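Q: Structure file upload_27.pdb (PDB, C-alpha atoms) is given on the next line.
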```pdb
ATOM      1  CA  MET C   1       3.325   3.119 -25.284
ATOM      2  CA  THR C   2       5.817   5.127 -27.304
ATOM      3  CA  SER C   3       3.335   6.430 -29.862
ATOM      4  CA  ASN C   4       1.253   9.556 -29.281
ATOM      5  CA  SER C   5      -1.667   7.913 -31.024
ATOM      6  CA  PRO C   6      -4.313   6.491 -28.679
ATOM      7  CA  ARG C   7      -4.532   2.724 -28.579
ATOM      8  CA  PRO C   8      -7.866   1.436 -29.880
ATOM      9  CA  ALA C   9      -9.927  -0.104 -27.099
ATOM     10  CA  ALA C  10     -10.320  -3.856 -27.348
ATOM     11  CA  PRO C  11     -13.975  -4.841 -27.468
ATOM     12  CA  ALA C  12     -15.450  -6.524 -24.419
ATOM     13  CA  ASP C  13     -16.108 -10.199 -25.070
ATOM     14  CA  PRO C  14     -19.829 -10.281 -25.986
ATOM     15  CA  ASP C  15     -20.149 -13.793 -24.570
ATOM     16  CA  LEU C  16     -18.894 -12.584 -21.187
ATOM     17  CA  TYR C  17     -20.467  -9.131 -21.301
ATOM     18  CA  PRO C  18     -23.633  -9.183 -23.436
ATOM     19  CA  ASP C  19     -25.042  -6.323 -21.326
ATOM     20  CA  LEU C  20     -22.042  -4.122 -22.145
ATOM     21  CA  ALA C  21     -22.182  -5.029 -25.809
ATOM     22  CA  ALA C  22     -25.867  -4.112 -25.939
ATOM     23  CA  ALA C  23     -25.421  -0.826 -24.065
ATOM     24  CA  GLY C  24     -22.296   0.239 -25.942
ATOM     25  CA  SER C  25     -20.151   1.006 -22.880
ATOM     26  CA  LEU C  26     -19.641  -0.017 -19.279
ATOM     27  CA  ALA C  27     -20.918   3.377 -18.121
ATOM     28  CA  ALA C  28     -24.168   3.016 -20.056
ATOM     29  CA  ALA C  29     -24.683  -0.556 -18.850
ATOM     30  CA  LEU C  30     -24.072   0.527 -15.247
ATOM     31  CA  GLU C  31     -26.578   3.354 -15.566
ATOM     32  CA  LEU C  32     -29.178   0.912 -16.886
ATOM     33  CA  ALA C  33     -28.507  -1.560 -14.062
ATOM     34  CA  ALA C  34     -28.922   1.244 -11.533
ATOM     35  CA  ALA C  35     -32.108   2.585 -13.111
ATOM     36  CA  GLU C  36     -33.685  -0.868 -13.047
ATOM     37  CA  GLN C  37     -33.293  -0.790  -9.245
ATOM     38  CA  GLY C  38     -34.424   2.800  -8.823
ATOM     39  CA  LEU C  39     -30.891   3.982  -8.059
ATOM     40  CA  ASP C  40     -29.455   7.321  -9.158
ATOM     41  CA  LEU C  41     -25.765   7.352 -10.065
ATOM     42  CA  ASP C  42     -26.058  10.807 -11.657
ATOM     43  CA  VAL C  43     -23.669  10.872 -14.629
ATOM     44  CA  VAL C  44     -21.432   7.807 -14.749
ATOM     45  CA  LEU C  45     -17.901   8.798 -15.684
ATOM     46  CA  CYS C  46     -16.505   7.255 -18.824
ATOM     47  CA  ASP C  47     -12.891   6.843 -19.846
ATOM     48  CA  GLU C  48     -13.224   7.825 -23.488
ATOM     49  CA  SER C  49     -10.006   5.993 -24.362
ATOM     50  CA  ASP C  50     -11.486   2.691 -23.145
ATOM     51  CA  PRO C  51     -15.255   3.052 -22.646
ATOM     52  CA  LEU C  52     -15.971  -0.675 -22.672
ATOM     53  CA  ARG C  53     -13.559  -1.595 -19.921
ATOM     54  CA  SER C  54     -13.781   1.139 -17.285
ATOM     55  CA  ALA C  55     -16.248   3.560 -15.731
ATOM     56  CA  GLY C  56     -16.410   5.761 -12.650
ATOM     57  CA  VAL C  57     -19.004   7.037 -10.205
ATOM     58  CA  ALA C  58     -18.396  10.295  -8.327
ATOM     59  CA  SER C  59     -19.346  10.605  -4.661
ATOM     60  CA  THR C  60     -21.218  13.377  -2.894
ATOM     61  CA  ALA C  61     -19.351  12.589   0.357
ATOM     62  CA  ALA C  62     -16.507  14.926   1.288
ATOM     63  CA  GLY C  63     -13.063  13.528   0.544
ATOM     64  CA  ARG C  64     -14.263  10.537  -1.458
ATOM     65  CA  GLU C  65     -12.801  10.250  -4.932
ATOM     66  CA  PRO C  66     -14.786   8.612  -7.733
ATOM     67  CA  CYS C  67     -14.921   4.856  -7.467
ATOM     68  CA  TRP C  68     -13.628   3.200 -10.616
ATOM     69  CA  ILE C  69     -14.758  -0.067 -12.151
ATOM     70  CA  PHE C  70     -12.721  -2.273 -14.472
ATOM     71  CA  ILE C  71     -13.742  -5.491 -16.190
ATOM     72  CA  GLY C  72     -11.943  -8.825 -16.333
ATOM     73  CA  ALA C  73     -10.492 -10.007 -19.633
ATOM     74  CA  GLU C  74     -10.714 -13.783 -19.350
ATOM     75  CA  SER C  75     -13.753 -14.184 -17.117
ATOM     76  CA  ARG C  76     -16.713 -12.009 -16.202
ATOM     77  CA  TRP C  77     -15.648  -9.819 -13.316
ATOM     78  CA  PHE C  78     -16.263  -6.201 -12.363
ATOM     79  CA  ASN C  79     -13.497  -4.914 -10.067
ATOM     80  CA  VAL C  80     -14.228  -1.748  -8.107
ATOM     81  CA  ASN C  81     -12.061   0.480  -5.951
ATOM     82  CA  GLY C  82     -12.675   3.786  -4.240
ATOM     83  CA  LEU C  83     -10.312   6.112  -2.384
ATOM     84  CA  ARG C  84     -10.874   8.701   0.292
ATOM     85  CA  GLN C  85      -8.076  11.138   1.125
ATOM     86  CA  GLY C  86      -5.371   8.806  -0.136
ATOM     87  CA  VAL C  87      -6.754   5.615   1.446
ATOM     88  CA  GLN C  88      -8.428   2.808  -0.484
ATOM     89  CA  LEU C  89     -11.665   2.103   1.340
ATOM     90  CA  LEU C  90     -13.871   0.476  -1.293
ATOM     91  CA  SER C  91     -12.743  -2.723  -2.999
ATOM     92  CA  GLY C  92     -14.166  -5.964  -4.306
ATOM     93  CA  SER C  93     -15.074  -8.005  -7.376
ATOM     94  CA  THR C  94     -18.399  -9.335  -8.627
ATOM     95  CA  SER C  95     -19.864 -10.807 -11.797
ATOM     96  CA  ASP C  96     -23.257  -9.204 -11.065
ATOM     97  CA  LEU C  97     -23.704  -5.786 -12.659
ATOM     98  CA  GLY C  98     -26.785  -5.096 -10.528
ATOM     99  CA  GLU C  99     -24.851  -5.757  -7.339
ATOM    100  CA  LEU C 100     -22.086  -3.501  -8.616
ATOM    101  CA  ALA C 101     -24.610  -0.715  -9.213
ATOM    102  CA  ARG C 102     -25.791  -0.981  -5.588
ATOM    103  CA  ALA C 103     -22.206  -0.676  -4.339
ATOM    104  CA  ALA C 104     -21.553   2.330  -6.565
ATOM    105  CA  ALA C 105     -24.761   4.002  -5.389
ATOM    106  CA  GLY C 106     -23.752   3.511  -1.767
ATOM    107  CA  TRP C 107     -20.338   5.012  -2.410
ATOM    108  CA  ARG C 108     -21.917   7.936  -4.229
ATOM    109  CA  ASN C 109     -24.408   8.651  -1.429
ATOM    110  CA  GLY C 110     -21.837   8.497   1.378
ATOM    111  CA  ALA C 111     -22.966   5.225   2.947
ATOM    112  CA  LYS C 112     -20.637   3.558   5.442
ATOM    113  CA  LEU C 113     -18.645   0.580   4.201
ATOM    114  CA  ARG C 114     -20.681  -1.913   6.222
ATOM    115  CA  GLU C 115     -23.872  -0.374   4.848
ATOM    116  CA  ILE C 116     -22.551  -0.810   1.316
ATOM    117  CA  GLN C 117     -21.570  -4.379   2.112
ATOM    118  CA  GLU C 118     -25.108  -5.142   3.305
ATOM    119  CA  VAL C 119     -26.536  -4.434  -0.170
ATOM    120  CA  ALA C 120     -23.451  -5.609  -2.070
ATOM    121  CA  PRO C 121     -21.860  -8.499  -0.131
ATOM    122  CA  PHE C 122     -18.885  -8.749  -2.498
ATOM    123  CA  ILE C 123     -17.433  -5.552  -1.016
ATOM    124  CA  GLU C 124     -14.435  -6.287   1.212
ATOM    125  CA  VAL C 125     -14.256  -4.352   4.479
ATOM    126  CA  SER C 126     -11.026  -4.523   6.463
ATOM    127  CA  LYS C 127     -10.486  -3.491  10.073
ATOM    128  CA  LEU C 128      -8.121  -0.782   8.880
ATOM    129  CA  ALA C 129     -10.625   0.597   6.360
ATOM    130  CA  GLU C 130     -13.283   0.819   9.078
ATOM    131  CA  ALA C 131     -10.776   2.565  11.331
ATOM    132  CA  HIS C 132     -10.071   5.139   8.627
ATOM    133  CA  GLU C 133     -13.814   5.782   8.451
ATOM    134  CA  ARG C 134     -13.813   6.580  12.178
ATOM    135  CA  GLY C 135     -11.001   9.097  11.834
ATOM    136  CA  PRO C 136      -7.211   9.474  11.878
ATOM    137  CA  ALA C 137      -6.750   8.604  15.565
ATOM    138  CA  ALA C 138      -8.550   5.287  15.089
ATOM    139  CA  ALA C 139      -6.592   4.584  11.911
ATOM    140  CA  VAL C 140      -3.283   5.187  13.699
ATOM    141  CA  THR C 141      -4.264   2.888  16.574
ATOM    142  CA  VAL C 142      -5.295   0.039  14.288
ATOM    143  CA  GLN C 143      -2.295   0.489  12.003
ATOM    144  CA  TRP C 144       0.078   0.149  14.951
ATOM    145  CA  ARG C 145      -1.670  -3.025  16.102
ATOM    146  CA  LEU C 146      -1.660  -4.582  12.636
ATOM    147  CA  LEU C 147       1.959  -3.586  12.015
ATOM    148  CA  LEU C 148       3.126  -5.244  15.221
ATOM    149  CA  GLU C 149       1.053  -8.360  14.507
ATOM    150  CA  ASP C 150       2.495  -8.657  10.997
ATOM    151  CA  LEU C 151       6.067  -8.158  12.196
ATOM    152  CA  ARG C 152       5.657 -10.823  14.880
ATOM    153  CA  GLN C 153       4.571 -13.256  12.178
ATOM    154  CA  GLU C 154       7.487 -12.249   9.940
ATOM    155  CA  ALA C 155      10.125 -12.330  12.678
ATOM    156  CA  ASP C 156      11.048 -15.948  11.969
ATOM    157  CA  ARG C 157      12.030 -15.089   8.387
ATOM    158  CA  GLY C 158      15.358 -13.509   9.264
ATOM    159  CA  ASP C 159      17.398 -11.047  11.256
ATOM    160  CA  LEU C 160      16.117  -7.911   9.506
ATOM    161  CA  ALA C 161      12.525  -8.834  10.296
ATOM    162  CA  ARG C 162      13.406  -9.389  13.947
ATOM    163  CA  GLN C 163      15.257  -6.092  14.107
ATOM    164  CA  THR C 164      12.310  -4.211  12.619
ATOM    165  CA  LEU C 165      10.011  -5.828  15.155
ATOM    166  CA  GLU C 166      12.284  -4.615  17.968
ATOM    167  CA  LEU C 167      12.194  -1.123  16.461
ATOM    168  CA  ALA C 168       8.413  -1.125  16.227
ATOM    169  CA  LYS C 169       8.016  -2.339  19.794
ATOM    170  CA  ALA C 170      10.345   0.364  21.094
ATOM    171  CA  ALA C 171       8.697   3.060  18.976
ATOM    172  CA  SER C 172       5.187   2.089  20.033
ATOM    173  CA  ALA C 173       6.164   2.731  23.650
ATOM    174  CA  GLU C 174       6.917   6.381  22.854
ATOM    175  CA  PRO C 175       3.732   8.513  22.972
ATOM    176  CA  LYS C 176       5.035  11.020  20.423
ATOM    177  CA  LEU C 177       5.706   8.258  17.894
ATOM    178  CA  ARG C 178       2.603   6.275  18.807
ATOM    179  CA  GLN C 179       0.462   9.186  17.550
ATOM    180  CA  LEU C 180       2.065   8.990  14.085
ATOM    181  CA  TYR C 181       1.046   6.588  11.308
ATOM    182  CA  PRO C 182       3.701   3.840  10.993
ATOM    183  CA  PHE C 183       4.627   1.767   7.976
ATOM    184  CA  THR C 184       7.513  -0.363   6.766
ATOM    185  CA  SER C 185       9.321  -0.484   3.441
ATOM    186  CA  HIS C 186      12.027  -3.098   2.824
ATOM    187  CA  TRP C 187      12.213  -3.559   6.618
ATOM    188  CA  SER C 188      12.779   0.167   7.208
ATOM    189  CA  LEU C 189      10.469   1.647   9.848
ATOM    190  CA  HIS C 190       8.805   4.919   8.875
ATOM    191  CA  PHE C 191       6.488   7.384  10.608
ATOM    192  CA  THR C 192       4.197   9.775   8.760
ATOM    193  CA  THR C 193       2.134  12.729   9.933
ATOM    194  CA  CYS C 194      -0.715  11.907   7.539
ATOM    195  CA  THR C 195      -2.778   8.748   7.122
ATOM    196  CA  GLY C 196      -3.159   8.820   3.329
ATOM    197  CA  PHE C 197      -0.764   8.027   0.506
ATOM    198  CA  PRO C 198       1.518   9.622  -0.593
ATOM    199  CA  TYR C 199       2.868   9.779   2.934
ATOM    200  CA  SER C 200       4.863  12.648   4.411
ATOM    201  CA  TRP C 201       8.657  12.531   4.722
ATOM    202  CA  ASP C 202       9.068  14.956   7.616
ATOM    203  CA  VAL C 203      10.037  12.412  10.307
ATOM    204  CA  PRO C 204      13.309  10.416  10.443
ATOM    205  CA  PHE C 205      13.172   6.712   9.646
ATOM    206  CA  ILE C 206      15.307   3.728  10.605
ATOM    207  CA  ASP C 207      17.050   1.093   8.494
ATOM    208  CA  PRO C 208      18.075  -2.185  10.168
ATOM    209  CA  LEU C 209      21.598  -3.149   9.067
ATOM    210  CA  ASN C 210      22.960  -6.586   8.251
ATOM    211  CA  ASP C 211      25.426  -6.385  11.142
ATOM    212  CA  GLY C 212      22.602  -6.075  13.671
ATOM    213  CA  ARG C 213      22.928  -2.314  14.087
ATOM    214  CA  TYR C 214      20.609   0.464  12.925
ATOM    215  CA  ARG C 215      20.972   3.544  10.712
ATOM    216  CA  VAL C 216      18.747   6.565  11.367
ATOM    217  CA  CYS C 217      18.080   8.733   8.323
ATOM    218  CA  GLY C 218      15.894  11.585   7.274
ATOM    219  CA  PRO C 219      13.797  13.339   6.771
ATOM    220  CA  SER C 220      15.174  12.969   3.242
ATOM    221  CA  ARG C 221      16.456   9.521   2.270
ATOM    222  CA  GLY C 222      19.991  10.747   1.609
ATOM    223  CA  THR C 223      20.473  12.355   5.030
ATOM    224  CA  VAL C 224      22.091  10.125   7.671
ATOM    225  CA  ILE C 225      21.569  11.210  11.278
ATOM    226  CA  GLY C 226      23.658   8.441  12.787
ATOM    227  CA  GLU C 227      23.962   4.745  13.613
ATOM    228  CA  ALA C 228      23.002   2.907  16.779
ATOM    229  CA  ASP C 229      23.792  -0.440  18.356
ATOM    230  CA  THR C 230      20.303  -1.052  19.745
ATOM    231  CA  ALA C 231      16.687  -0.426  18.759
ATOM    232  CA  ALA C 232      16.208   1.753  21.843
ATOM    233  CA  ALA C 233      19.167   3.956  20.899
ATOM    234  CA  ALA C 234      17.883   4.295  17.336
ATOM    235  CA  ILE C 235      14.454   5.357  18.563
ATOM    236  CA  ALA C 236      16.100   7.897  20.864
ATOM    237  CA  MET C 237      17.825   9.432  17.816
ATOM    238  CA  VAL C 238      14.470   9.732  16.059
ATOM    239  CA  MET C 239      12.916  11.322  19.117
ATOM    240  CA  SER C 240      15.664  13.919  19.336
ATOM    241  CA  SER C 241      15.223  14.798  15.648
ATOM    242  CA  LEU C 242      11.429  15.145  15.505
ATOM    243  CA  PRO C 243      10.220  18.373  13.877
ATOM    244  CA  ALA C 244       8.429  20.923  15.999
ATOM    245  CA  ASN C 245       4.714  20.321  16.605
ATOM    246  CA  CYS C 246       4.998  16.801  15.205
ATOM    247  CA  GLY C 247       1.700  14.934  15.272
ATOM    248  CA  PRO C 248      -0.785  13.645  15.814
ATOM    249  CA  ALA C 249      -1.260  12.264  12.318
ATOM    250  CA  VAL C 250      -4.081  13.848  10.349
ATOM    251  CA  GLU C 251      -6.302  12.718   7.504
ATOM    252  CA  GLY C 252      -5.159  13.328   3.960
ATOM    253  CA  THR C 253      -1.887  13.038   2.097
ATOM    254  CA  ALA C 254       1.457  14.803   1.961
ATOM    255  CA  ASN C 255       0.117  16.727  -1.037
ATOM    256  CA  ASP C 256      -2.785  17.985   1.077
ATOM    257  CA  GLN C 257      -0.366  19.086   3.791
ATOM    258  CA  ARG C 258       1.677  21.084   1.282
ATOM    259  CA  GLN C 259      -1.460  22.889   0.150
ATOM    260  CA  GLY C 260      -2.054  24.121   3.682
ATOM    261  CA  PRO C 261      -5.234  24.443   5.733
ATOM    262  CA  SER C 262      -6.461  27.554   3.941
ATOM    263  CA  THR C 263      -6.465  25.972   0.503
ATOM    264  CA  SER C 264      -9.192  23.600  -0.626
ATOM    265  CA  PRO C 265      -7.644  20.365  -1.870
ATOM    266  CA  THR C 266      -7.884  19.852  -5.593
ATOM    267  CA  PRO C 267      -9.925  16.717  -6.308
ATOM    268  CA  ARG C 268      -7.690  13.903  -7.487
ATOM    269  CA  SER C 269      -9.044  11.475 -10.052
ATOM    270  CA  THR C 270      -8.144   7.816 -10.000
ATOM    271  CA  GLN C 271      -9.028   7.622 -13.668
ATOM    272  CA  PRO C 272      -6.295   5.773 -15.576
TER     273      PRO C 272
END
```
Translate this structure into structure tokens?
A:
Amino acid sequence: MTSNSPRPAAPADPDLYPDLAAAGSLAAALELAAAEQGLDLDVVLCDESDPLRSAGVASTAAGREPCWIFIGAESRWFNVNGLRQGVQLLSGSTSDLGELARAAAGWRNGAKLREIQEVAPFIEVSKLAEAHERGPAAAVTVQWRLLLEDLRQEADRGDLARQTLELAKAASAEPKLRQLYPFTSHWSLHFTTCTGFPYSWDVPFIDPLNDGRYRVCGPSRGTVIGEADTAAAAIAMVMSSLPANCGPAVEGTANDQRQGPSTSPTPRSTQP
């Protein structure tokens, strides 16, 4: 929007959301649905600019941000997502406001994802999300496995995919890189010292080139360390350019790392 004036919130379709229309907002309707089940959501957060279409529930668990709920426009759906230290753990969609209230209560009270799923089966629980719950070492291990599996499936798509797979295989054999959290972006292979987004940019990364060679850059994107003919040589360049005391990857985001261990992280809201 180019205007400084707030955009009026479109009313929720009363045919799809009679409960919201009756309560006056999604937050109020969610509180009622929770109270009917004997659940305490404390004060449900309300986006005053759009009270009919979004609401949030804060968590008492350390590191968990408020989970936020948004409604569907063309059909009755409540979409929920919740982050912890830069990682989306809670996600799913349901048409049942009561089921949504049970999921929000579980998130608020610090229940494990599988425990939330037991009372709200619409919640999606991935292997990676469960690994993040167990801690950064587990998240790194699972992320490496999933990355390699995905790249093996993509390898038939073209040369760049095959080159990135070769990079990942070579990198995973190096203990110092295996303890970092890997990810790819446009076939570039990256390593981060934190498991949450935004990721850190303190480790060199590798771009596969169209001629079959590799370019090693970093930590900043504009810094070129050199080029290599093979994946093994490219990984060796990364190894020789690792910062001191690099790894293992820790929970949190690059922003948390910049704040330092002596500073309490400022809570980040996912409110739009």
Q: For CA of Ala62 in chain C and CA of Gln85 in chain C, quote the distance in Å rounded to one decimal.
A: 9.2 Å
Q: Report, in Å with one decimal, the straight-line distance from CA of Gly135 in chain C to CA of Ser91 in chain C.
A: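 These atoms are spaced 19.0 Å apart.
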Q: For the PyMOL selection byres ((chain C and resi 88) around 10), applied here, can you spell out every residue it catches as a PDB file with C-alpha atoms, in the coordinates of the input?
A:
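Contents of the output file selection-v2.pdb:
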```pdb
ATOM      1  CA  ARG C  64     -14.263  10.537  -1.458  1.00  0.00           C
ATOM      2  CA  GLU C  65     -12.801  10.250  -4.932  1.00  0.00           C
ATOM      3  CA  CYS C  67     -14.921   4.856  -7.467  1.00  0.00           C
ATOM      4  CA  ASN C  81     -12.061   0.480  -5.951  1.00  0.00           C
ATOM      5  CA  GLY C  82     -12.675   3.786  -4.240  1.00  0.00           C
ATOM      6  CA  LEU C  83     -10.312   6.112  -2.384  1.00  0.00           C
ATOM      7  CA  ARG C  84     -10.874   8.701   0.292  1.00  0.00           C
ATOM      8  CA  GLN C  85      -8.076  11.138   1.125  1.00  0.00           C
ATOM      9  CA  GLY C  86      -5.371   8.806  -0.136  1.00  0.00           C
ATOM     10  CA  VAL C  87      -6.754   5.615   1.446  1.00  0.00           C
ATOM     11  CA  LEU C  89     -11.665   2.103   1.340  1.00  0.00           C
ATOM     12  CA  LEU C  90     -13.871   0.476  -1.293  1.00  0.00           C
ATOM     13  CA  SER C  91     -12.743  -2.723  -2.999  1.00  0.00           C
ATOM     14  CA  ALA C 129     -10.625   0.597   6.360  1.00  0.00           C
ATOM     15  CA  HIS C 132     -10.071   5.139   8.627  1.00  0.00           C
ATOM     16  CA  GLY C 196      -3.159   8.820   3.329  1.00  0.00           C
ATOM     17  CA  PHE C 197      -0.764   8.027   0.506  1.00  0.00           C
TER      18      PHE C 197
END
```
Q: So which residues get picked by the PyMOL selection byres ((chain C and resi 104-116) around 8) here, written as a list in words?
A: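 This file gives the following for the PyMOL selection byres ((chain C and resi 104-116) around 8): Ala34, Leu39, Asp40, Leu41, Val57, Ala58, Ser59, Thr60, Ala61, Pro66, Cys67, Gly82, Leu89, Leu90, Leu100, Ala101, Arg102, Ala103, Gln117, Glu118, Val119, Ala120, Pro121, Ile123, Val125, Glu130 and Glu133 of chain C.
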Q: Please identify all polymer residues within 8 Å of Pro204 in chain C, counting all atoms listed in the file, omitting same-chain residues fewer than 2 positions from it, and present them as a tab-separated table (two decimals) with C-alpha atoms, in the frame of the given file.
A:
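Dumped to part-v3.tsv:
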```
chain	number	residue	atom	x	y	z
C	190	HIS	CA	8.80	4.92	8.88
C	191	PHE	CA	6.49	7.38	10.61
C	201	TRP	CA	8.66	12.53	4.72
C	202	ASP	CA	9.07	14.96	7.62
C	206	ILE	CA	15.31	3.73	10.60
C	216	VAL	CA	18.75	6.56	11.37
C	217	CYS	CA	18.08	8.73	8.32
C	218	GLY	CA	15.89	11.58	7.27
C	219	PRO	CA	13.80	13.34	6.77
C	220	SER	CA	15.17	12.97	3.24
C	238	VAL	CA	14.47	9.73	16.06
C	241	SER	CA	15.22	14.80	15.65
C	242	LEU	CA	11.43	15.14	15.50
```
Q: Please report the interatomic distance between CA of Asp96 in chain C and CA of Ala33 in chain C in Å with one decimal.
A: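 Result for CA of Asp96 in chain C versus CA of Ala33 in chain C: 9.7 Å, one decimal.
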